[in-house]
>>> print(open('upload_28.cif').read())   # mmCIF, C-alpha atoms and all ligand atoms
data_work
#
loop_
_atom_site.group_PDB
_atom_site.id
_atom_site.type_symbol
_atom_site.label_atom_id
_atom_site.label_comp_id
_atom_site.auth_asym_id
_atom_site.auth_seq_id
_atom_site.Cartn_x
_atom_site.Cartn_y
_atom_site.Cartn_z
ATOM 1 C CA MET A 1 -17.469 131.266 145.533
ATOM 2 C CA ALA A 2 -16.865 127.973 147.280
ATOM 3 C CA VAL A 3 -13.128 128.366 147.706
ATOM 4 C CA VAL A 4 -12.028 128.104 151.321
ATOM 5 C CA LEU A 5 -9.375 130.641 152.151
ATOM 6 C CA ILE A 6 -7.353 130.345 155.295
ATOM 7 C CA LEU A 7 -6.290 133.481 157.101
ATOM 8 C CA ALA A 8 -2.838 132.829 158.480
ATOM 9 C CA ALA A 9 -0.072 135.254 159.302
ATOM 10 C CA CYS A 10 2.804 133.097 158.209
ATOM 11 C CA GLY A 11 5.354 135.702 159.251
ATOM 12 C CA THR A 12 7.062 135.746 155.864
ATOM 13 C CA GLY A 13 6.798 139.504 155.541
ATOM 14 C CA GLY A 14 7.714 140.258 159.143
ATOM 15 C CA PRO A 15 5.429 142.326 161.382
ATOM 16 C CA VAL A 16 4.898 145.933 160.359
ATOM 17 C CA SER A 17 2.169 146.777 162.879
ATOM 18 C CA GLY A 18 3.329 149.606 165.085
ATOM 19 C CA ALA A 19 4.992 151.449 162.181
ATOM 20 C CA PRO A 20 3.482 154.886 161.466
ATOM 21 C CA ALA A 21 0.732 154.662 158.846
ATOM 22 C CA ASP A 22 -1.416 157.165 156.947
ATOM 23 C CA LYS A 23 -4.797 155.422 156.791
ATOM 24 C CA GLU A 24 -6.423 158.138 154.674
ATOM 25 C CA HIS A 25 -3.702 157.660 152.070
ATOM 26 C CA GLY A 26 -4.302 153.918 152.467
ATOM 27 C CA ARG A 27 -7.989 154.404 151.681
ATOM 28 C CA LYS A 28 -7.198 156.237 148.429
ATOM 29 C CA LEU A 29 -4.702 153.558 147.426
ATOM 30 C CA PHE A 30 -7.246 150.860 148.240
ATOM 31 C CA GLN A 31 -9.841 152.527 146.033
ATOM 32 C CA ASN A 32 -7.401 152.754 143.134
ATOM 33 C CA VAL A 33 -5.614 149.425 143.462
ATOM 34 C CA CYS A 34 -7.744 146.903 145.366
ATOM 35 C CA ALA A 35 -11.389 147.961 144.960
ATOM 36 C CA GLY A 36 -11.727 146.374 141.525
ATOM 37 C CA CYS A 37 -11.388 142.946 143.086
ATOM 38 C CA HIS A 38 -12.562 143.290 146.696
ATOM 39 C CA THR A 39 -15.625 144.390 148.584
ATOM 40 C CA LEU A 40 -14.891 146.670 151.554
ATOM 41 C CA ALA A 41 -17.701 148.919 152.792
ATOM 42 C CA ALA A 42 -15.418 151.596 154.269
ATOM 43 C CA ALA A 43 -13.861 152.178 150.834
ATOM 44 C CA GLY A 44 -17.175 151.956 148.962
ATOM 45 C CA ALA A 45 -15.592 148.993 147.173
ATOM 46 C CA ARG A 46 -17.741 146.279 145.638
ATOM 47 C CA GLY A 47 -15.352 144.090 143.630
ATOM 48 C CA LYS A 48 -16.182 140.400 143.604
ATOM 49 C CA VAL A 49 -13.093 138.780 142.089
ATOM 50 C CA GLY A 50 -11.382 138.229 145.453
ATOM 51 C CA PRO A 51 -12.922 137.565 148.869
ATOM 52 C CA ASN A 52 -15.205 140.134 150.515
ATOM 53 C CA LEU A 53 -12.757 141.657 153.028
ATOM 54 C CA ASP A 54 -15.527 142.703 155.424
ATOM 55 C CA ASP A 55 -16.613 139.070 155.662
ATOM 56 C CA SER A 56 -13.034 137.775 155.926
ATOM 57 C CA PHE A 57 -12.109 140.065 158.778
ATOM 58 C CA ALA A 58 -15.460 140.059 160.586
ATOM 59 C CA GLN A 59 -14.705 136.398 161.054
ATOM 60 C CA ALA A 60 -11.118 137.107 162.121
ATOM 61 C CA ARG A 61 -12.281 139.754 164.621
ATOM 62 C CA SER A 62 -14.906 137.402 166.063
ATOM 63 C CA GLU A 63 -12.120 134.877 166.561
ATOM 64 C CA GLY A 64 -10.238 137.451 168.636
ATOM 65 C CA PHE A 65 -7.708 138.761 166.108
ATOM 66 C CA LYS A 66 -6.486 142.245 167.101
ATOM 67 C CA GLU A 67 -6.204 145.123 164.632
ATOM 68 C CA SER A 68 -2.395 144.828 164.717
ATOM 69 C CA ALA A 69 -2.580 141.131 163.761
ATOM 70 C CA ILE A 70 -4.970 141.915 160.893
ATOM 71 C CA LEU A 71 -2.596 144.617 159.681
ATOM 72 C CA ASP A 72 0.240 142.091 159.490
ATOM 73 C CA ILE A 73 -1.992 139.545 157.691
ATOM 74 C CA VAL A 74 -3.030 142.080 155.054
ATOM 75 C CA HIS A 75 0.563 143.276 154.620
ATOM 76 C CA ASP A 76 1.742 139.668 154.154
ATOM 77 C CA GLN A 77 -1.057 139.027 151.668
ATOM 78 C CA ILE A 78 0.049 142.010 149.555
ATOM 79 C CA LYS A 79 3.612 140.654 149.415
ATOM 80 C CA PHE A 80 2.809 136.951 149.190
ATOM 81 C CA PRO A 81 -0.668 136.309 147.775
ATOM 82 C CA GLY A 82 -1.601 132.660 147.367
ATOM 83 C CA GLN A 83 -1.446 131.286 143.851
ATOM 84 C CA TYR A 84 -4.430 129.031 143.350
ATOM 85 C CA PRO A 85 -5.846 127.105 140.391
ATOM 86 C CA VAL A 86 -7.674 129.519 138.116
ATOM 87 C CA GLN A 87 -10.599 128.173 136.107
ATOM 88 C CA GLN A 88 -12.580 130.829 134.325
ATOM 89 C CA ASN A 89 -15.771 128.814 133.916
ATOM 90 C CA ASN A 90 -15.868 126.939 137.185
ATOM 91 C CA PRO A 91 -17.487 128.832 140.074
ATOM 92 C CA ASP A 92 -15.695 126.573 142.575
ATOM 93 C CA PHE A 93 -12.340 128.017 141.516
ATOM 94 C CA LEU A 94 -11.027 131.552 141.473
ATOM 95 C CA THR A 95 -11.299 133.484 138.224
ATOM 96 C CA ALA A 96 -8.047 135.376 138.934
ATOM 97 C CA ASN A 97 -5.155 135.315 141.353
ATOM 98 C CA MET A 98 -4.078 138.381 143.278
ATOM 99 C CA PRO A 99 -0.896 139.851 141.784
ATOM 100 C CA ALA A 100 1.963 140.300 144.296
ATOM 101 C CA ASN A 101 3.296 143.700 145.387
ATOM 102 C CA LEU A 102 0.509 145.850 143.920
ATOM 103 C CA VAL A 103 1.683 148.448 146.426
ATOM 104 C CA LYS A 104 5.091 148.541 148.094
ATOM 105 C CA GLY A 105 6.971 149.990 151.054
ATOM 106 C CA GLN A 106 5.095 152.651 153.018
ATOM 107 C CA ASP A 107 2.151 152.424 150.585
ATOM 108 C CA ALA A 108 1.671 148.750 151.508
ATOM 109 C CA ILE A 109 1.742 149.625 155.219
ATOM 110 C CA ASP A 110 -0.784 152.445 154.684
ATOM 111 C CA VAL A 111 -3.215 150.173 152.780
ATOM 112 C CA ALA A 112 -2.844 147.378 155.341
ATOM 113 C CA ALA A 113 -3.468 149.831 158.198
ATOM 114 C CA PHE A 114 -6.584 151.180 156.469
ATOM 115 C CA VAL A 115 -7.966 147.671 155.890
ATOM 116 C CA ALA A 116 -7.123 146.579 159.446
ATOM 117 C CA ALA A 117 -8.871 149.616 160.938
ATOM 118 C CA ASN A 118 -12.051 149.138 158.907
ATOM 119 C CA ALA A 119 -12.629 145.664 157.478
ATOM 120 C CA GLY A 120 -15.350 143.659 159.164
ATOM 121 C CA LEU A 121 -16.405 146.315 161.628
ATOM 122 C CA LYS A 122 -19.920 145.990 160.267
ATOM 123 C CA PRO A 123 -19.981 142.209 160.365
ATOM 124 C CA PHE A 124 -21.155 140.492 157.232
ATOM 125 C CA ALA A 125 -22.350 143.652 155.551
ATOM 126 C CA ALA A 126 -24.447 142.627 152.595
ATOM 127 C CA THR A 127 -22.459 142.690 149.394
ATOM 128 C CA ILE A 128 -24.078 144.862 146.800
ATOM 129 C CA VAL A 129 -24.600 142.464 143.946
ATOM 130 C CA VAL A 130 -25.791 143.902 140.678
ATOM 131 C CA THR A 131 -28.249 141.413 139.248
ATOM 132 C CA GLY A 132 -29.785 143.533 136.478
ATOM 133 C CA THR A 133 -28.513 144.662 133.112
ATOM 134 C CA ASN A 134 -28.068 148.393 133.755
ATOM 135 C CA GLY A 135 -24.675 148.944 132.090
ATOM 136 C CA LYS A 136 -23.791 151.952 134.217
ATOM 137 C CA GLN A 137 -24.544 150.149 137.507
ATOM 138 C CA ILE A 138 -22.502 147.155 136.387
ATOM 139 C CA PHE A 139 -19.628 149.421 135.367
ATOM 140 C CA VAL A 140 -19.573 151.283 138.691
ATOM 141 C CA ALA A 141 -19.709 148.027 140.690
ATOM 142 C CA GLU A 142 -17.323 145.886 138.665
ATOM 143 C CA CYS A 143 -15.010 148.100 136.625
ATOM 144 C CA GLY A 144 -14.841 151.589 138.144
ATOM 145 C CA GLY A 145 -12.383 150.559 140.853
ATOM 146 C CA CYS A 146 -9.809 150.065 138.097
ATOM 147 C CA HIS A 147 -10.947 152.347 135.279
ATOM 148 C CA THR A 148 -11.642 156.047 134.910
ATOM 149 C CA LEU A 149 -14.816 156.765 132.927
ATOM 150 C CA ALA A 150 -16.215 160.283 133.286
ATOM 151 C CA ALA A 151 -19.803 159.341 132.382
ATOM 152 C CA ALA A 152 -19.907 156.829 135.260
ATOM 153 C CA GLY A 153 -18.027 159.117 137.662
ATOM 154 C CA THR A 154 -15.333 156.506 138.345
ATOM 155 C CA THR A 155 -11.673 157.312 138.911
ATOM 156 C CA GLY A 156 -9.805 153.979 139.086
ATOM 157 C CA THR A 157 -6.250 154.108 137.778
ATOM 158 C CA ARG A 158 -5.199 150.462 137.603
ATOM 159 C CA GLY A 159 -6.459 149.960 134.047
ATOM 160 C CA PRO A 160 -6.371 152.348 131.067
ATOM 161 C CA LYS A 161 -8.515 155.510 131.059
ATOM 162 C CA LEU A 162 -11.444 154.441 128.934
ATOM 163 C CA ASP A 163 -12.323 158.023 127.917
ATOM 164 C CA ALA A 164 -8.978 158.247 126.166
ATOM 165 C CA LEU A 165 -9.103 154.726 124.730
ATOM 166 C CA LYS A 166 -12.714 154.909 123.403
ATOM 167 C CA PRO A 167 -12.844 151.153 122.783
ATOM 168 C CA PRO A 168 -15.538 149.889 120.380
ATOM 169 C CA PHE A 169 -18.138 147.349 121.573
ATOM 170 C CA PRO A 170 -16.418 144.161 120.316
ATOM 171 C CA VAL A 171 -13.124 145.147 121.973
ATOM 172 C CA VAL A 172 -14.784 145.822 125.339
ATOM 173 C CA LYS A 173 -16.857 142.668 125.159
ATOM 174 C CA ASN A 174 -13.824 140.540 124.347
ATOM 175 C CA GLN A 175 -11.779 142.148 127.135
ATOM 176 C CA VAL A 176 -14.539 141.667 129.712
ATOM 177 C CA ILE A 177 -15.008 138.007 128.764
ATOM 178 C CA HIS A 178 -11.319 137.073 128.717
ATOM 179 C CA GLY A 179 -9.626 139.674 130.939
ATOM 180 C CA GLY A 180 -5.981 140.606 130.442
ATOM 181 C CA ALA A 181 -2.637 140.251 132.166
ATOM 182 C CA VAL A 182 -3.987 142.061 135.220
ATOM 183 C CA MET A 183 -7.677 142.518 134.515
ATOM 184 C CA PRO A 184 -9.773 139.568 135.691
ATOM 185 C CA ALA A 185 -12.020 137.675 133.252
ATOM 186 C CA PHE A 186 -15.718 138.222 133.898
ATOM 187 C CA LYS A 187 -16.997 135.157 132.019
ATOM 188 C CA GLY A 188 -19.006 133.261 134.631
ATOM 189 C CA VAL A 189 -18.806 136.213 137.071
ATOM 190 C CA LEU A 190 -21.251 138.336 135.073
ATOM 191 C CA LYS A 191 -24.118 136.870 133.071
ATOM 192 C CA ASP A 192 -23.801 137.089 129.275
ATOM 193 C CA ALA A 193 -26.554 139.723 129.172
ATOM 194 C CA GLN A 194 -24.634 141.787 131.758
ATOM 195 C CA ILE A 195 -21.395 141.506 129.767
ATOM 196 C CA ASN A 196 -23.219 142.778 126.694
ATOM 197 C CA ALA A 197 -24.833 145.591 128.702
ATOM 198 C CA VAL A 198 -21.591 146.837 130.267
ATOM 199 C CA ALA A 199 -19.696 146.578 126.959
ATOM 200 C CA LYS A 200 -22.428 148.570 125.202
ATOM 201 C CA TYR A 201 -22.380 151.155 127.993
ATOM 202 C CA VAL A 202 -18.609 151.642 127.746
ATOM 203 C CA ALA A 203 -18.614 151.767 123.933
ATOM 204 C CA GLU A 204 -21.377 154.389 123.950
ATOM 205 C CA HIS A 205 -20.098 156.577 126.797
ATOM 206 C CA ALA A 206 -16.285 156.542 126.711
ATOM 207 C CA GLY A 207 -14.980 159.956 125.721
ATOM 208 C CA GLN A 208 -18.502 161.429 125.576
ATOM 209 C CA LYS A 209 -18.173 163.646 128.649
HETATM 210 C C1 LIG B 1 -6.864 141.178 140.374
HETATM 211 C C2 LIG B 1 -7.699 141.050 141.553
HETATM 212 C C3 LIG B 1 -7.149 141.461 142.924
HETATM 213 C C4 LIG B 1 -6.610 142.686 143.299
HETATM 214 C C5 LIG B 1 -6.367 143.920 142.409
HETATM 215 C C6 LIG B 1 -6.374 142.597 144.722
HETATM 216 N N1 LIG B 1 -6.737 141.359 145.194
HETATM 217 FE FE1 LIG B 1 -6.659 140.734 147.136
HETATM 218 N N2 LIG B 1 -7.260 138.875 146.558
HETATM 219 C C7 LIG B 1 -7.607 138.513 145.269
HETATM 220 C C8 LIG B 1 -7.899 137.068 145.244
HETATM 221 C C9 LIG B 1 -8.309 136.269 144.010
HETATM 222 C C10 LIG B 1 -7.713 136.595 146.560
HETATM 223 C C11 LIG B 1 -7.884 135.154 147.075
HETATM 224 C C12 LIG B 1 -6.640 134.373 146.760
HETATM 225 C C13 LIG B 1 -5.466 134.791 147.590
HETATM 226 O O1 LIG B 1 -5.560 134.753 148.839
HETATM 227 O O2 LIG B 1 -4.423 135.149 147.017
HETATM 228 C C14 LIG B 1 -7.328 137.766 147.371
HETATM 229 C C15 LIG B 1 -7.112 137.720 148.745
HETATM 230 C C16 LIG B 1 -6.893 138.835 149.538
HETATM 231 C C17 LIG B 1 -6.825 138.824 150.986
HETATM 232 C C18 LIG B 1 -7.034 137.601 151.875
HETATM 233 C C19 LIG B 1 -8.499 137.509 152.236
HETATM 234 C C20 LIG B 1 -8.917 136.151 152.737
HETATM 235 O O3 LIG B 1 -10.121 135.974 153.034
HETATM 236 O O4 LIG B 1 -8.083 135.243 152.803
HETATM 237 C C21 LIG B 1 -6.555 140.106 151.393
HETATM 238 C C22 LIG B 1 -6.390 140.592 152.808
HETATM 239 C C23 LIG B 1 -6.433 140.905 150.196
HETATM 240 N N3 LIG B 1 -6.648 140.099 149.091
HETATM 241 C C24 LIG B 1 -6.142 142.261 150.194
HETATM 242 C C25 LIG B 1 -5.923 143.009 149.029
HETATM 243 C C26 LIG B 1 -5.426 144.363 149.026
HETATM 244 C C27 LIG B 1 -5.114 145.183 150.271
HETATM 245 C C28 LIG B 1 -5.320 144.743 147.709
HETATM 246 C C29 LIG B 1 -4.779 146.043 147.149
HETATM 247 C C30 LIG B 1 -3.404 146.344 147.481
HETATM 248 C C31 LIG B 1 -5.774 143.625 146.890
HETATM 249 N N4 LIG B 1 -6.111 142.594 147.727
HETATM 250 C C32 LIG B 1 -5.850 143.626 145.504
HETATM 251 C C33 LIG B 1 -7.678 139.331 144.171
HETATM 252 C C34 LIG B 1 -7.211 140.631 144.123
HETATM 253 C C1 LIG B 2 -8.563 144.730 138.761
HETATM 254 C C2 LIG B 2 -8.624 145.858 137.853
HETATM 255 C C3 LIG B 2 -9.586 145.816 136.670
HETATM 256 C C4 LIG B 2 -10.938 145.578 136.669
HETATM 257 C C5 LIG B 2 -11.813 145.182 137.844
HETATM 258 C C6 LIG B 2 -11.377 145.814 135.300
HETATM 259 N N1 LIG B 2 -10.313 146.144 134.524
HETATM 260 FE FE1 LIG B 2 -10.362 146.536 132.512
HETATM 261 N N2 LIG B 2 -8.333 146.637 132.462
HETATM 262 C C7 LIG B 2 -7.508 146.559 133.547
HETATM 263 C C8 LIG B 2 -6.113 146.558 133.105
HETATM 264 C C9 LIG B 2 -4.892 146.507 133.995
HETATM 265 C C10 LIG B 2 -6.136 146.633 131.677
HETATM 266 C C11 LIG B 2 -4.935 146.592 130.718
HETATM 267 C C12 LIG B 2 -4.794 145.169 130.167
HETATM 268 C C13 LIG B 2 -4.386 144.163 131.233
HETATM 269 O O1 LIG B 2 -3.210 144.065 131.551
HETATM 270 O O2 LIG B 2 -5.236 143.470 131.805
HETATM 271 C C14 LIG B 2 -7.567 146.709 131.322
HETATM 272 C C15 LIG B 2 -8.022 146.863 130.016
HETATM 273 C C16 LIG B 2 -9.343 147.122 129.682
HETATM 274 C C17 LIG B 2 -9.802 147.510 128.364
HETATM 275 C C18 LIG B 2 -8.917 147.767 127.140
HETATM 276 C C19 LIG B 2 -8.927 146.596 126.186
HETATM 277 C C20 LIG B 2 -8.041 146.872 124.975
HETATM 278 O O3 LIG B 2 -7.971 145.975 124.125
HETATM 279 O O4 LIG B 2 -7.431 147.945 124.892
HETATM 280 C C21 LIG B 2 -11.161 147.648 128.433
HETATM 281 C C22 LIG B 2 -12.098 148.051 127.312
HETATM 282 C C23 LIG B 2 -11.550 147.316 129.794
HETATM 283 N N3 LIG B 2 -10.426 147.001 130.525
HETATM 284 C C24 LIG B 2 -12.857 147.334 130.274
HETATM 285 C C25 LIG B 2 -13.236 146.872 131.544
HETATM 286 C C26 LIG B 2 -14.606 146.650 131.951
HETATM 287 C C27 LIG B 2 -15.835 146.970 131.105
HETATM 288 C C28 LIG B 2 -14.553 146.163 133.232
HETATM 289 C C29 LIG B 2 -15.710 145.695 134.101
HETATM 290 C C30 LIG B 2 -16.567 144.650 133.585
HETATM 291 C C31 LIG B 2 -13.154 146.106 133.627
HETATM 292 N N4 LIG B 2 -12.398 146.524 132.585
HETATM 293 C C32 LIG B 2 -12.702 145.687 134.895
HETATM 294 C C33 LIG B 2 -7.906 146.463 134.875
HETATM 295 C C34 LIG B 2 -9.194 146.165 135.300
#
>>> encode(input="upload_28.cif", output="structure tokens")
Amino acid sequence: MAVVLILAACGTGGPVSGAPADKEHGRKLFQNVCAGCHTLAAAGARGKVGPNLDDSFAQARSEGFKESAILDIVHDQIKFPGQYPVQQNNPDFLTANMPANLVKGQDAIDVAAFVAANAGLKPFAATIVVTGTNGKQIFVAECGGCHTLAAAGTTGTRGPKLDALKPPFPVVKNQVIHGGAVMPAFKGVLKDAQINAVAKYVAEHAGQK
């Protein structure tokens, strides 16, 4: 992704660093709400829709940002994400924007504290990129952060439970290509063969376990 993102605490949300925070609760929230779009090693998250947060904050740490400053940046980002041009088929543009206020109040502080305590500690950790067409691997890496599917062992809660929905192949394929109101579009993010593979995997395994 060639988009240049600027880390700046613009102060719009007001500092929350110093407030009590439950980082373990923050980790669980991150896995359910943010992992579908972001890579963060400490959460086992491998989403690729938004920036890799280990890379973003390794850079911030190397520039001397303290954990408290990172906490405020993440908290501001949750309240006021940037809205950038979205172009599904152009790799130089984002394929989705980050929705505002995915978590609120104390939950937002807990997530921000978890990210601040962990992101970028292992600088530039290699992103796990699935290059093959193993539907299960693609599902776990790209979809499991948002969707529960027993066969894949994923427990995301942002999107519908696929075991209950049991969507047929054409429905999954269409959804993966175009995305939804919240779900990002994967056209251009995954190869066509990978979209077919993950759609086939979901259609064949949802509700089977
Ligand atoms: C639907 C996908 C999506 C979800 C879900 C999502 N983000 Fe994002 N995030 C993005 C995108 C796209 C960007 C880059 C554009 C922007 O800054 O708004 C981004 C940017 C960021 C940044 C700034 C990183 C940088 O390098 O500038 C942080 C921090 C962040 N997100 C944290 C979170 C947290 C914490 C959550 C969960 C509460 C979350 N995101 C959920 C898509 C998402
Ligand atoms: C950032 C979270 C997120 C990610 C990542 C995500 N989804 Fe979704 N998904 C959703 C949400 C939310 C919905 C409900 C529709 C909407 O608002 O986007 C949804 C809906 C669906 C549906 C239901 C479509 C219908 O017509 O009922 C299917 C099937 C689906 N997703 C499959 C996938 C697959 C396969 C992947 C991985 C390639 C994936 N999703 C990745 C959040 C996500």
>>> resolve_selection(input="upload_28.cif", expression="the PyMOL selection byres (((chain A and resi 50) around 12) and not hetatm)", output="PyMOL selection string")
chain A and resi 1-5+34-40+45-49+51-56+81-82+84+86+93-99+142+184+189
>>> residues_near_ligand(input="upload_28.cif", ligand="ligand LIG 2 (chain B)", cutoff="6 Å", atoms="only C-alpha atoms and all ligand atoms", output="CSV table (one decimal) with C-alpha atoms, in the frame of the given file")
chain,number,residue,atom,x,y,z
A,36,GLY,CA,-11.7,146.4,141.5
A,37,CYS,CA,-11.4,142.9,143.1
A,139,PHE,CA,-19.6,149.4,135.4
A,142,GLU,CA,-17.3,145.9,138.7
A,143,CYS,CA,-15.0,148.1,136.6
A,146,CYS,CA,-9.8,150.1,138.1
A,158,ARG,CA,-5.2,150.5,137.6
A,159,GLY,CA,-6.5,150.0,134.0
A,160,PRO,CA,-6.4,152.3,131.1
A,167,PRO,CA,-12.8,151.2,122.8
A,171,VAL,CA,-13.1,145.1,122.0
A,172,VAL,CA,-14.8,145.8,125.3
A,175,GLN,CA,-11.8,142.1,127.1
A,176,VAL,CA,-14.5,141.7,129.7
A,179,GLY,CA,-9.6,139.7,130.9
A,180,GLY,CA,-6.0,140.6,130.4
A,181,ALA,CA,-2.6,140.3,132.2
A,182,VAL,CA,-4.0,142.1,135.2
A,183,MET,CA,-7.7,142.5,134.5
A,198,VAL,CA,-21.6,146.8,130.3
A,199,ALA,CA,-19.7,146.6,127.0
>>> residues_around(input="upload_28.cif", residues="A:Leu121", least_positions_apart="6", cutoff="9 Å", atoms="only C-alpha atoms", output="mmCIF file with C-alpha atoms, in the frame of the given file")
data_model
loop_
_atom_site.group_PDB
_atom_site.id
_atom_site.type_symbol
_atom_site.label_atom_id
_atom_site.label_comp_id
_atom_site.auth_asym_id
_atom_site.auth_seq_id
_atom_site.Cartn_x
_atom_site.Cartn_y
_atom_site.Cartn_z
ATOM 1 C CA ASP A 54 -15.527 142.703 155.424
ATOM 2 C CA PHE A 57 -12.109 140.065 158.778
ATOM 3 C CA ALA A 58 -15.460 140.059 160.586
ATOM 4 C CA ARG A 61 -12.281 139.754 164.621
#
>>> closest_residue(input="upload_28.cif", among="A:Gly132, A:Gly14, A:Gly207, A:Gly64", to="A:Leu149", atoms="only C-alpha atoms")
A:Gly207
>>> atom_distance(input="upload_28.cif", atom1="atom C4 of ligand LIG 1 (chain B)", atom2="atom CA of A:Glu204")
27.0 Å
>>> decode(input="upload_28.cif", residues="stretch 133-140 of chain A", atoms="all heavy atoms", output="compact mmCIF listing (two decimals), in the first residue's frame")
# COMPACT_ATOMS: atom_id res chain seq x y z
N THR A 133 -3.62 -20.55 -2.01
CA THR A 133 -5.07 -20.62 -2.19
C THR A 133 -5.70 -21.63 -1.22
O THR A 133 -6.68 -22.28 -1.54
CB THR A 133 -5.44 -21.00 -3.63
OG1 THR A 133 -4.71 -22.19 -3.97
CG2 THR A 133 -5.10 -19.90 -4.61
N ASN A 134 -5.10 -21.76 -0.02
CA ASN A 134 -5.71 -22.60 1.01
C ASN A 134 -6.82 -21.77 1.67
O ASN A 134 -6.56 -20.79 2.37
CB ASN A 134 -4.63 -23.00 2.02
CG ASN A 134 -5.19 -23.84 3.16
OD1 ASN A 134 -6.24 -23.53 3.71
ND2 ASN A 134 -4.47 -24.89 3.51
N GLY A 135 -8.08 -22.16 1.40
CA GLY A 135 -9.22 -21.37 1.86
C GLY A 135 -9.24 -21.15 3.35
O GLY A 135 -9.57 -20.07 3.83
N LYS A 136 -8.85 -22.18 4.11
CA LYS A 136 -8.88 -22.05 5.57
C LYS A 136 -7.84 -21.02 6.03
O LYS A 136 -8.14 -20.16 6.85
CB LYS A 136 -8.60 -23.40 6.22
CG LYS A 136 -8.67 -23.35 7.74
CD LYS A 136 -8.50 -24.73 8.35
CE LYS A 136 -8.61 -24.66 9.86
NZ LYS A 136 -8.52 -25.98 10.48
N GLN A 137 -6.63 -21.10 5.48
CA GLN A 137 -5.57 -20.14 5.86
C GLN A 137 -6.00 -18.71 5.51
O GLN A 137 -5.78 -17.78 6.28
CB GLN A 137 -4.28 -20.45 5.10
CG GLN A 137 -3.41 -21.47 5.80
CD GLN A 137 -2.16 -21.79 4.97
OE1 GLN A 137 -1.82 -21.07 4.03
NE2 GLN A 137 -1.51 -22.87 5.32
N ILE A 138 -6.60 -18.55 4.35
CA ILE A 138 -7.04 -17.21 3.95
C ILE A 138 -8.12 -16.73 4.91
O ILE A 138 -8.10 -15.59 5.38
CB ILE A 138 -7.58 -17.22 2.49
CG1 ILE A 138 -6.47 -17.61 1.52
CG2 ILE A 138 -8.16 -15.84 2.12
CD1 ILE A 138 -6.96 -17.92 0.12
N PHE A 139 -9.05 -17.63 5.25
CA PHE A 139 -10.13 -17.24 6.16
C PHE A 139 -9.57 -16.78 7.51
O PHE A 139 -9.95 -15.73 8.03
CB PHE A 139 -11.14 -18.37 6.36
CG PHE A 139 -12.33 -17.90 7.14
CD1 PHE A 139 -13.41 -17.31 6.50
CD2 PHE A 139 -12.34 -17.96 8.53
CE1 PHE A 139 -14.48 -16.80 7.21
CE2 PHE A 139 -13.39 -17.45 9.26
CZ PHE A 139 -14.47 -16.87 8.60
N VAL A 140 -8.66 -17.58 8.08
CA VAL A 140 -8.12 -17.25 9.40
C VAL A 140 -7.40 -15.90 9.34
O VAL A 140 -7.55 -15.06 10.23
CB VAL A 140 -7.18 -18.37 9.90
CG1 VAL A 140 -6.42 -17.94 11.14
CG2 VAL A 140 -7.97 -19.64 10.17
